[in-house]
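Shown next: query.tsv, given as TSV, C-alpha atoms.
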```tsv
chain	number	residue	atom	x	y	z
A	214	MET	CA	81.03	62.92	-12.79
A	215	LYS	CA	82.74	64.93	-15.51
A	216	ASN	CA	83.57	68.19	-13.76
A	217	THR	CA	83.55	70.16	-10.54
A	218	GLN	CA	80.18	71.81	-11.22
A	219	GLN	CA	78.52	68.41	-11.51
A	220	LEU	CA	80.07	67.32	-8.23
A	221	ILE	CA	78.94	70.51	-6.49
A	222	LYS	CA	75.39	69.92	-7.76
A	223	ALA	CA	75.46	66.25	-6.69
A	224	ASN	CA	76.82	67.17	-3.26
A	225	TRP	CA	74.05	69.71	-2.68
A	226	GLU	CA	71.33	67.40	-3.97
A	227	ASN	CA	72.52	64.60	-1.71
A	228	LEU	CA	72.41	66.91	1.31
A	229	THR	CA	68.96	68.34	0.59
A	230	SER	CA	67.60	64.88	-0.31
A	231	LEU	CA	68.81	63.64	3.08
A	232	TRP	CA	66.84	66.39	4.81
A	233	LYS	CA	63.74	65.59	2.77
A	234	THR	CA	64.07	61.86	3.49
A	235	ALA	CA	64.27	62.62	7.21
A	236	GLY	CA	61.14	64.77	6.95
A	237	ASN	CA	59.03	62.45	4.77
A	238	PRO	CA	57.52	60.30	7.56
A	239	PHE	CA	56.38	63.44	9.37
A	240	GLN	CA	54.99	65.29	6.35
A	241	ALA	CA	57.52	67.95	7.29
A	242	ASN	CA	58.65	69.03	3.81
A	243	PHE	CA	57.56	72.02	1.75
A	244	GLU	CA	58.59	72.63	-1.85
A	245	GLY	CA	58.20	76.02	-3.47
A	246	PRO	CA	59.41	77.96	-6.51
A	247	ILE	CA	62.02	79.95	-4.56
A	248	PHE	CA	62.92	77.80	-1.58
A	249	ASP	CA	62.17	74.49	0.11
A	250	TYR	CA	62.17	73.77	3.80
A	251	CYS	CA	61.97	70.86	6.22
A	252	GLU	CA	60.94	71.36	9.84
A	253	ILE	CA	60.35	68.62	12.39
A	254	ASN	CA	58.91	70.06	15.57
A	255	HIS	CA	60.31	67.53	18.05
A	256	SER	CA	63.88	67.53	16.71
A	257	GLU	CA	66.74	70.00	16.32
A	258	TRP	CA	67.54	68.47	12.90
A	259	PRO	CA	67.21	68.96	9.99
A	260	ASN	CA	65.05	72.14	10.27
A	261	ARG	CA	66.53	73.86	7.21
A	262	LEU	CA	65.27	76.34	4.63
A	263	TRP	CA	67.26	76.44	1.39
A	264	PHE	CA	67.02	78.55	-1.74
A	265	HIS	CA	67.10	77.05	-5.22
A	266	GLU	CA	69.15	79.82	-6.83
A	267	ASP	CA	71.00	83.01	-5.94
A	268	ILE	CA	68.88	85.21	-3.70
A	269	THR	CA	67.21	88.62	-3.95
A	270	GLN	CA	65.70	90.93	-1.36
A	271	ASN	CA	62.24	89.68	-2.31
A	272	ASP	CA	63.34	86.04	-1.82
A	273	VAL	CA	64.64	86.81	1.66
A	274	GLU	CA	61.45	88.68	2.59
A	275	LEU	CA	59.41	85.62	1.62
A	276	ALA	CA	61.68	83.40	3.70
A	277	LEU	CA	61.32	85.78	6.65
A	278	GLN	CA	57.55	85.39	6.52
A	279	LYS	CA	57.94	81.65	6.93
A	280	ILE	CA	60.66	81.75	9.57
A	281	LYS	CA	58.80	84.21	11.78
A	282	THR	CA	55.79	81.85	11.95
A	283	SER	CA	57.80	78.64	12.37
A	284	ARG	CA	57.65	76.61	15.57
A	285	THR	CA	61.25	75.53	15.02
A	286	ARG	CA	64.43	77.55	14.55
A	287	LEU	CA	65.20	77.19	10.86
A	288	THR	CA	68.76	77.43	9.57
A	289	ILE	CA	69.42	78.81	6.08
A	290	PRO	CA	72.40	77.22	4.31
A	291	TYR	CA	73.75	79.63	1.71
A	292	ARG	CA	75.85	78.10	-1.08
A	293	ASP	CA	78.72	80.51	-1.65
A	294	ILE	CA	78.98	79.73	-5.38
A	295	TYR	CA	77.54	82.82	-7.05
A	296	ASP	CA	80.34	85.42	-6.83
A	297	SER	CA	77.62	87.93	-5.97
A	298	LYS	CA	77.99	88.38	-2.18
A	299	SER	CA	74.22	88.01	-2.00
A	300	TYR	CA	74.63	86.56	1.50
A	301	GLU	CA	74.88	90.22	2.52
A	302	ILE	CA	71.12	90.44	1.87
A	303	LEU	CA	70.60	87.91	4.65
A	304	GLU	CA	72.85	89.89	6.98
A	305	THR	CA	71.07	93.18	6.34
A	306	ASN	CA	67.74	91.49	7.08
A	307	GLY	CA	68.66	90.31	10.56
A	308	PHE	CA	70.36	86.99	9.90
A	309	THR	CA	73.65	86.13	11.53
A	310	LYS	CA	76.14	83.51	10.43
A	311	ALA	CA	75.97	80.56	12.84
A	312	PHE	CA	78.67	78.38	11.28
A	313	GLU	CA	80.47	77.65	8.02
A	314	GLN	CA	81.17	74.46	6.11
A	315	VAL	CA	83.12	73.38	3.05
A	316	GLY	CA	81.58	71.11	0.42
A	317	MET	CA	84.09	68.39	-0.48
A	318	SER	CA	84.20	65.29	-2.66
A	319	LEU	CA	86.34	62.20	-3.19
A	320	ARG	CA	86.46	59.77	-6.07
A	321	LEU	CA	86.36	56.25	-4.64
A	322	THR	CA	89.04	54.13	-6.27
A	323	LYS	CA	90.54	51.64	-3.82
A	324	PRO	CA	89.82	50.38	-0.29
A	325	LEU	CA	91.44	52.19	2.61
A	326	SER	CA	93.53	50.27	5.14
A	327	LEU	CA	92.10	49.92	8.65
A	328	ASP	CA	94.65	49.97	11.45
A	329	ASN	CA	92.68	49.72	14.69
A	330	ASN	CA	90.06	47.51	16.29
A	331	LEU	CA	87.19	49.98	16.20
A	332	GLU	CA	83.90	48.25	15.34
A	333	VAL	CA	81.56	50.20	13.08
A	334	ARG	CA	78.05	48.75	13.02
A	335	LEU	CA	75.00	49.64	10.90
A	336	ILE	CA	72.16	50.14	13.35
A	337	SER	CA	69.17	47.86	12.85
A	338	ASN	CA	67.01	47.87	15.99
A	339	PRO	CA	65.48	50.22	18.59
A	340	SER	CA	68.10	49.55	21.27
A	341	GLU	CA	70.91	50.60	18.91
A	342	ILE	CA	68.89	53.65	17.86
A	343	LYS	CA	68.58	54.67	21.52
A	344	ILE	CA	72.36	54.42	21.94
A	345	TRP	CA	72.96	56.40	18.73
A	346	THR	CA	70.62	59.24	19.66
A	347	GLY	CA	72.06	59.26	23.17
A	348	ILE	CA	75.66	59.86	22.13
A	349	TYR	CA	75.11	62.02	19.04
A	350	PRO	CA	74.49	65.23	21.07
A	351	LEU	CA	77.71	64.58	23.01
A	352	ALA	CA	79.65	64.72	19.74
A	353	PHE	CA	77.73	67.55	18.04
A	354	GLY	CA	75.90	69.56	20.67
A	355	TYR	CA	72.42	69.14	19.19
A	356	HIS	CA	69.75	66.47	19.26
A	357	ILE	CA	68.32	64.26	16.50
A	358	SER	CA	65.01	62.72	17.45
A	359	GLU	CA	64.94	59.00	18.16
A	360	GLU	CA	61.68	58.86	16.20
A	361	ILE	CA	63.43	60.09	13.05
A	362	LEU	CA	65.83	57.15	13.17
A	363	LEU	CA	63.07	54.67	13.95
A	364	ARG	CA	61.13	55.80	10.89
A	365	THR	CA	64.00	56.29	8.43
A	366	PHE	CA	66.71	53.70	9.16
A	367	ASN	CA	65.51	51.63	6.18
A	368	HIS	CA	66.30	54.61	3.90
A	369	ILE	CA	69.25	56.26	5.65
A	370	ASN	CA	72.26	54.33	6.96
A	371	TYR	CA	73.09	55.22	10.56
A	372	TYR	CA	76.32	53.78	11.98
A	373	LEU	CA	77.57	53.30	15.53
A	374	ALA	CA	81.26	52.93	16.34
A	375	PHE	CA	82.34	50.89	19.37
A	376	GLU	CA	85.62	50.61	21.24
A	377	GLU	CA	85.64	47.22	23.00
A	378	GLY	CA	81.86	47.34	23.28
A	379	ARG	CA	81.69	50.96	24.44
A	380	PRO	CA	79.93	53.48	22.15
A	381	ALA	CA	82.48	55.88	20.70
A	382	GLY	CA	80.99	57.68	17.71
A	383	THR	CA	78.43	57.99	14.94
A	384	ALA	CA	78.09	58.36	11.19
A	385	ILE	CA	75.31	58.80	8.63
A	386	VAL	CA	75.59	57.65	5.02
A	387	PHE	CA	72.95	58.59	2.46
A	388	HIS	CA	73.04	57.31	-1.12
A	389	SER	CA	71.78	59.27	-4.11
A	390	GLY	CA	72.67	57.96	-7.57
A	391	PRO	CA	76.45	57.48	-7.82
A	392	ILE	CA	77.01	59.50	-4.63
A	393	ALA	CA	77.49	58.40	-1.02
A	394	GLY	CA	76.94	61.43	1.18
A	395	ILE	CA	78.87	61.17	4.44
A	396	HIS	CA	77.27	63.04	7.33
A	397	GLY	CA	77.30	63.11	11.12
A	398	VAL	CA	80.77	61.63	11.65
A	399	GLY	CA	81.52	62.42	15.26
A	400	VAL	CA	83.30	61.03	18.31
A	401	ILE	CA	82.23	61.64	21.90
A	402	PRO	CA	84.66	63.75	23.97
A	403	GLU	CA	86.13	60.97	26.12
A	404	MET	CA	86.98	58.91	23.01
A	405	ARG	CA	88.73	61.67	21.08
A	406	ARG	CA	92.43	61.90	20.16
A	407	LYS	CA	92.56	58.20	19.37
A	408	GLY	CA	92.17	58.46	15.60
A	409	TYR	CA	88.59	57.23	15.73
A	410	ALA	CA	87.09	59.90	13.43
A	411	GLU	CA	89.53	58.81	10.72
A	412	ALA	CA	88.75	55.15	11.41
A	413	ILE	CA	84.99	55.75	11.12
A	414	MET	CA	85.52	57.61	7.85
A	415	LYS	CA	87.62	54.78	6.42
A	416	HIS	CA	85.00	52.22	7.40
A	417	VAL	CA	82.10	54.06	5.79
A	418	LEU	CA	84.12	54.92	2.68
A	419	ASN	CA	85.02	51.25	2.23
A	420	LEU	CA	81.41	50.25	2.72
A	421	SER	CA	80.38	52.85	0.14
A	422	MET	CA	82.89	51.43	-2.36
A	423	ASP	CA	81.51	47.95	-1.71
A	424	SER	CA	78.03	49.23	-2.58
A	425	GLY	CA	79.26	50.37	-5.99
A	426	VAL	CA	79.08	54.16	-5.69
A	427	LYS	CA	81.79	56.21	-7.40
A	428	TYR	CA	82.05	59.35	-5.26
A	429	ALA	CA	81.74	60.39	-1.65
A	430	THR	CA	80.64	63.90	-0.70
A	431	LEU	CA	80.44	65.75	2.60
A	432	GLN	CA	80.21	69.19	4.18
A	433	ALA	CA	83.17	69.74	6.49
A	434	SER	CA	83.53	71.97	9.50
A	435	GLU	CA	86.77	73.88	9.88
A	436	MET	CA	87.77	71.40	12.61
A	437	GLY	CA	87.16	68.36	10.41
A	438	LYS	CA	88.50	69.68	7.11
A	439	GLY	CA	92.09	68.64	7.77
A	440	LEU	CA	91.13	64.99	8.22
A	441	TYR	CA	89.16	64.94	4.98
A	442	LEU	CA	92.00	66.55	3.03
A	443	LYS	CA	94.29	63.86	4.45
A	444	LEU	CA	91.93	61.19	3.10
A	445	GLY	CA	92.01	62.77	-0.36
A	446	PHE	CA	88.85	64.88	-0.41
A	447	GLU	CA	88.94	68.07	-2.46
A	448	GLU	CA	87.41	71.40	-1.42
A	449	GLN	CA	84.83	72.68	-3.90
A	450	PHE	CA	82.44	75.24	-2.39
A	451	GLY	CA	81.58	77.03	0.80
A	452	ILE	CA	78.34	76.98	2.79
A	453	LYS	CA	77.48	79.83	5.14
A	454	ASN	CA	74.74	78.82	7.57
A	455	TYR	CA	72.50	81.64	8.83
A	456	ARG	CA	69.90	81.99	11.57
A	457	LEU	CA	67.57	84.87	12.24
A	458	ARG	CA	68.54	86.95	15.27
A	459	SER	CA	66.43	86.13	18.29
A	460	ASP	CA	65.42	89.77	18.81
A	461	ILE	CA	63.73	89.73	15.39
A	462	LEU	CA	61.80	86.49	15.81
```
Show how you would write the structure in this file as structure tokens.
Amino acid sequence: MKNTQQLIKANWENLTSLWKTAGNPFQANFEGPIFDYCEINHSEWPNRLWFHEDITQNDVELALQKIKTSRTRLTIPYRDIYDSKSYEILETNGFTKAFEQVGMSLRLTKPLSLDNNLEVRLISNPSEIKIWTGIYPLAFGYHISEEILLRTFNHINYYLAFEEGRPAGTAIVFHSGPIAGIHGVGVIPEMRRKGYAEAIMKHVLNLSMDSGVKYATLQASEMGKGLYLKLGFEEQFGIKNYRLRSDIL
């Protein structure tokens, strides 16, 4: 990657490709000239609608038509890269900001030292999938369907972390070109404050280096951003995530 704009583009494409890959087995993807969306009826994830370019009032009205007829609650991630404040169009049309993220990237150069006994395992069978989907909501507060993992684990890497045989956390790694997208790194409440989120990150970053990719990308919450900065990630763009107000649906 030669510059920041290329990394921003690669980060976004990795994220949206992950959503599409999750939706493929369910024929849950739609591609259009203004926006794409993925909605899986039996899951709380990914269920996203994303615009290709900066938005206009007409674009948002078209998105509203889709969202109002959807059987899922679609989230709109707005890339705050346009210097136009066009997110205000979403707000004036009944959307409220649900959460914010920061797009970040790291050039992978040398392995990271591991200083605890946490085991991080790539899931490979239904029993591990059941454990993964059981603890993921404890870490993140929303559910990813077991069926999604059963039908995509050959295309998306899902990891389980164990402390002395007890499930502690999760991670998702999705490869696109020279990029390893790191997603879903979480630790269940009773296992927190032990440095396990950092340990999971180091494990999956080392595994990504072993696979030959050159960069890691992610979208950090405010809570997680400090850890990623500590590991060397650089902030590059903001994402404002919007949902339509329930009184308008």
**Message:** List the spatial neighbours of Ile268 of chain A as a ChimeraX atom specification - criterion: any atom at most 12 Å away, only C-alpha atoms, same-chain residues fewer than 5 positions off excluded.
**Reply:** /A:247-248,263,273-276,289-303
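Counting only C-alpha atoms, Glu376 of chain A has the following residues at most 12 Å away, ignoring those fewer than 5 positions along the same chain: Asn329, Asn330, Leu331, Glu332, Val333, Arg334, Ala381, Gly382, Val400, Ile401, Glu403, Met404, Arg405, Lys407, Gly408, Tyr409, Ala412 and Ile413 of chain A.
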Export C-alpha atoms of the chosen residues as a PDB file, in the frame of the given file?
```
ATOM      1  CA  ASN A 329      92.680  49.720  14.690  1.00  0.00           C
ATOM      2  CA  ASN A 330      90.060  47.510  16.290  1.00  0.00           C
ATOM      3  CA  LEU A 331      87.190  49.980  16.200  1.00  0.00           C
ATOM      4  CA  GLU A 332      83.900  48.250  15.340  1.00  0.00           C
ATOM      5  CA  VAL A 333      81.560  50.200  13.080  1.00  0.00           C
ATOM      6  CA  ARG A 334      78.050  48.750  13.020  1.00  0.00           C
ATOM      7  CA  ALA A 381      82.480  55.880  20.700  1.00  0.00           C
ATOM      8  CA  GLY A 382      80.990  57.680  17.710  1.00  0.00           C
ATOM      9  CA  VAL A 400      83.300  61.030  18.310  1.00  0.00           C
ATOM     10  CA  ILE A 401      82.230  61.640  21.900  1.00  0.00           C
ATOM     11  CA  GLU A 403      86.130  60.970  26.120  1.00  0.00           C
ATOM     12  CA  MET A 404      86.980  58.910  23.010  1.00  0.00           C
ATOM     13  CA  ARG A 405      88.730  61.670  21.080  1.00  0.00           C
ATOM     14  CA  LYS A 407      92.560  58.200  19.370  1.00  0.00           C
ATOM     15  CA  GLY A 408      92.170  58.460  15.600  1.00  0.00           C
ATOM     16  CA  TYR A 409      88.590  57.230  15.730  1.00  0.00           C
ATOM     17  CA  ALA A 412      88.750  55.150  11.410  1.00  0.00           C
ATOM     18  CA  ILE A 413      84.990  55.750  11.120  1.00  0.00           C
TER      19      ILE A 413
END
```
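Residues in contact with Ile336 of chain A at 6 Å, where all atoms listed in the file are counted and same-chain residues fewer than 4 positions away are skipped, are listed as A:Glu341, A:Tyr371, A:Tyr372.
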Can you tell me which residues surround Tyr349 of chain A at a distance of at most 8 Å, considering only C-alpha atoms, apart from same-chain residues fewer than 6 positions away, and format the answer as a tab-separated table (two decimals) with C-alpha atoms, in the frame of the given file?
```tsv
chain	number	residue	atom	x	y	z
A	355	TYR	CA	72.42	69.14	19.19
A	356	HIS	CA	69.75	66.47	19.26
A	357	ILE	CA	68.32	64.26	16.50
A	382	GLY	CA	80.99	57.68	17.71
A	383	THR	CA	78.43	57.99	14.94
A	399	GLY	CA	81.52	62.42	15.26
A	401	ILE	CA	82.23	61.64	21.90
```
**Message:** Report, in Å with one decimal, the straight-line distance from atom CA of Ile452 of chain A to atom CA of Thr322 of chain A.
**Reply:**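 Here the two named atoms are 26.8 Å from each other.
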**Message:** Can you measure atom CA of Glu244 of chain A to atom CA of Gln449 of chain A for me? One decimal in Å is fine.
**Reply:**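 Interatomic distance, atom CA of Glu244 of chain A to atom CA of Gln449 of chain A: 26.3 Å.
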**Asked** Can you tell me how far atom CA of Ser459 of chain A sits from atom CA of Lys310 of chain A, in Å to one decimal?
**Response**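 Those two atoms sit 12.8 Å apart.
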**Asked** So, counting all atoms listed in the file, which residue among A:Lys323, A:His368, A:Lys279, A:Arg456 is closest to Gly236 of chain A?
**Response**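 Ranked by minimum distance to Gly236 of chain A, first place goes to A:His368.
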**Request:** Check the smallest atom-to-atom distance from each of A:Asn454, A:Thr365, A:Gln432, A:Gln278 to Phe239 of chain A using only C-alpha atoms, then report the winner.
**Result:**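 The closest residue to Phe239 of chain A is A:Thr365.
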**Prompt:** Quick one: of A:Leu327, A:Ala393, A:Met317, A:Trp232, who's nearest to Leu440 of chain A, counting only C-alpha atoms?
**Reply:** A:Met317
**Asked** With all atoms listed in the file as the basis for distance, which of A:Ile342, A:Leu319, A:Leu220, A:Leu363 is at the shortest distance from Ser421 of chain A?
**Response**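 Looking at the shortest contact to Ser421 of chain A, the residue is A:Leu319.
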**Request:** Write out as number ranges by chain which residues come within 7 Å of Tyr428 of chain A when counting only C-alpha atoms, dropping same-chain ones fewer than 6 positions away.
**Result:** A: 318-321, 391-393
**Message:** Counting only C-alpha atoms, which residue out of A:Lys343, A:Ala374, A:Leu277, A:Asn237 sits closest to Ile461 of chain A?
**Reply:**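 Using only C-alpha atoms, Ile461 of chain A sits closest to A:Leu277.
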